[in-house]
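What follows is a set of notes on a single structure, which appears directly below.
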Amino acid sequence: MGEGNGLKRYFSQRLFAFTGAALLALSGGAVAADWVSVGPGCRMWNPFPERNESFVWNGKCENGLADGPGNVIEKNAANRVETIGYGTWTQGKLHGDYYYEKDGFTCYEQKFYGVAKQTLCVGGDGRATLRAVDNLGRAVEPMRPLTPEETALYSVVLEKIATKGYIVAGR
């Protein structure tokens, strides 16, 4: 009886894995999360990679992984700068406060080993917006203006954005 249950479990797991792979293939060929090169002999975790993007890291590397405070520049397939990010990495994964500049916005995320919990962005006009994200980094609500309570809660972050006080010195 135990052997039959083991076989059922084995084939159920295989069917689940095959179904997941098939759905991923049909979804337009999304790129799976992976370690990416950010400089000679240095890598960092990218939970949401896009095809043909590249990265440059100016912080320290320990044991081949980005480690400590630093800046990362993300370039698209045309080699244009998409995002400039500032934060601290632990064993190759972003951890803690992360600021980035993209498309005329400066944004803040609090990340825990690479996964954001919410995103706060300030546009060139100074207006701040916020959205919550799930454990996979997907938005669970659209960007919306901050409430007065949230403005007070994020006052330190908003000040850092206004003064660019988040920029980390390179190595």
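Naming scheme: A, B, ... for chains in displayed order of the structure tokens; residues 1 onward per chain; ligands 1 onward as shown.
Residues surrounding segment 125-134 of chain A within 8 Å are Ala116, Lys117, Gln118, Thr119, Leu120, Ala139, Val140, Glu141, Pro142, Met143, Arg144, Pro145 and Leu146 of chain A [only C-alpha atoms; sequence separation below 5 positions excluded].
Residues in contact range of segment 105-108 of chain A, defined as at most 6 Å between only C-alpha atoms, with sequence neighbours fewer than 5 positions away removed, read Tyr98, Tyr99, Tyr100, Thr119, Leu120, Cys121, Val122 and Gly123 of chain A.
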Q) Within 12 Å of Arg80 of chain A, counting only C-alpha atoms, which residues qualify if same-chain residues fewer than 3 places away don't, as a PyMOL selection string? A) chain A and resi 52-55+73-77+83-84+102
Would you save the residues of that selection, restricted to N, CA and C atoms, as an mmCIF file, in the first residue's frame?
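Written out: part04.cif:
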```cif
data_model
loop_
_atom_site.group_PDB
_atom_site.id
_atom_site.type_symbol
_atom_site.label_atom_id
_atom_site.label_comp_id
_atom_site.auth_asym_id
_atom_site.auth_seq_id
_atom_site.Cartn_x
_atom_site.Cartn_y
_atom_site.Cartn_z
ATOM 1 N N ASN A 52 17.871 39.929 -22.634
ATOM 2 C CA ASN A 52 18.938 40.805 -23.138
ATOM 3 C C ASN A 52 19.211 42.038 -22.291
ATOM 4 N N GLU A 53 18.893 42.003 -21.017
ATOM 5 C CA GLU A 53 19.274 43.118 -20.160
ATOM 6 C C GLU A 53 20.656 42.818 -19.578
ATOM 7 N N SER A 54 21.346 43.873 -19.156
ATOM 8 C CA SER A 54 22.660 43.696 -18.543
ATOM 9 C C SER A 54 22.780 44.625 -17.345
ATOM 10 N N PHE A 55 23.763 44.343 -16.494
ATOM 11 C CA PHE A 55 23.910 45.083 -15.249
ATOM 12 C C PHE A 55 25.365 45.443 -15.004
ATOM 13 N N ILE A 73 23.450 49.513 -12.193
ATOM 14 C CA ILE A 73 22.872 50.122 -13.387
ATOM 15 C C ILE A 73 22.321 49.007 -14.255
ATOM 16 N N GLU A 74 21.052 49.124 -14.636
ATOM 17 C CA GLU A 74 20.406 48.144 -15.500
ATOM 18 C C GLU A 74 20.302 48.737 -16.895
ATOM 19 N N LYS A 75 20.776 47.988 -17.883
ATOM 20 C CA LYS A 75 20.696 48.431 -19.278
ATOM 21 C C LYS A 75 19.793 47.484 -20.057
ATOM 22 N N ASN A 76 19.051 48.048 -21.017
ATOM 23 C CA ASN A 76 18.157 47.229 -21.827
ATOM 24 C C ASN A 76 18.924 46.617 -23.008
ATOM 25 N N ALA A 77 18.203 45.919 -23.877
ATOM 26 C CA ALA A 77 18.824 45.236 -25.018
ATOM 27 C C ALA A 77 19.541 46.203 -25.951
ATOM 28 N N THR A 83 17.480 51.711 -15.501
ATOM 29 C CA THR A 83 17.314 51.953 -14.083
ATOM 30 C C THR A 83 18.670 52.119 -13.417
ATOM 31 N N ILE A 84 18.741 53.050 -12.479
ATOM 32 C CA ILE A 84 19.907 53.168 -11.614
ATOM 33 C C ILE A 84 19.402 52.911 -10.208
ATOM 34 N N LYS A 102 14.022 55.743 -12.489
ATOM 35 C CA LYS A 102 13.565 55.177 -13.765
ATOM 36 C C LYS A 102 12.456 56.047 -14.334
#
```
Test item: residues at most 8 Å from Asp34 of chain A, only C-alpha atoms, excluding those fewer than 2 positions along its chain, as a CSV table (one decimal) with N, CA and C atoms, in the first residue's frame:
```csv
chain,number,residue,atom,x,y,z
A,32,ALA,N,13.0,32.9,-16.4
A,32,ALA,CA,13.0,32.5,-15.0
A,32,ALA,C,14.0,33.3,-14.2
A,36,VAL,N,22.6,36.8,-12.2
A,36,VAL,CA,23.1,37.5,-13.4
A,36,VAL,C,24.5,38.1,-13.1
A,45,TRP,N,21.4,38.2,-7.7
A,45,TRP,CA,20.1,37.5,-7.9
A,45,TRP,C,19.1,38.5,-8.6
A,46,ASN,N,18.5,38.1,-9.7
A,46,ASN,CA,17.5,38.9,-10.4
A,46,ASN,C,16.2,38.1,-10.4
A,47,PRO,N,15.2,38.5,-9.5
A,47,PRO,CA,14.0,37.7,-9.5
A,47,PRO,C,13.1,38.0,-10.7
A,49,PRO,N,14.0,38.8,-14.3
A,49,PRO,CA,14.8,39.2,-15.5
A,49,PRO,C,14.0,39.4,-16.7
```
Nearby residues (only C-alpha atoms) at most 7 Å from Asp67 of chain A, same-chain spacing under 5 positions excluded, as a short mmCIF file (atom, residue, chain, number, x, y, z; two decimals) with C-alpha atoms, in the first residue's frame:
```cif
data_model
loop_
_atom_site.label_atom_id
_atom_site.label_comp_id
_atom_site.auth_asym_id
_atom_site.auth_seq_id
_atom_site.Cartn_x
_atom_site.Cartn_y
_atom_site.Cartn_z
CA LYS A 60 32.07 45.01 -3.39
CA CYS A 61 31.86 41.33 -4.26
CA GLU A 62 32.49 38.56 -1.77
CA TRP A 89 23.06 43.37 -1.07
CA THR A 90 23.60 40.35 1.17
CA GLN A 91 25.15 37.30 -0.49
CA GLY A 92 24.03 38.57 -3.90
#
```
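Picture a line from atom CA of Tyr86 of chain A to atom CA of Ser155 of chain A; it runs 18.7 Å.
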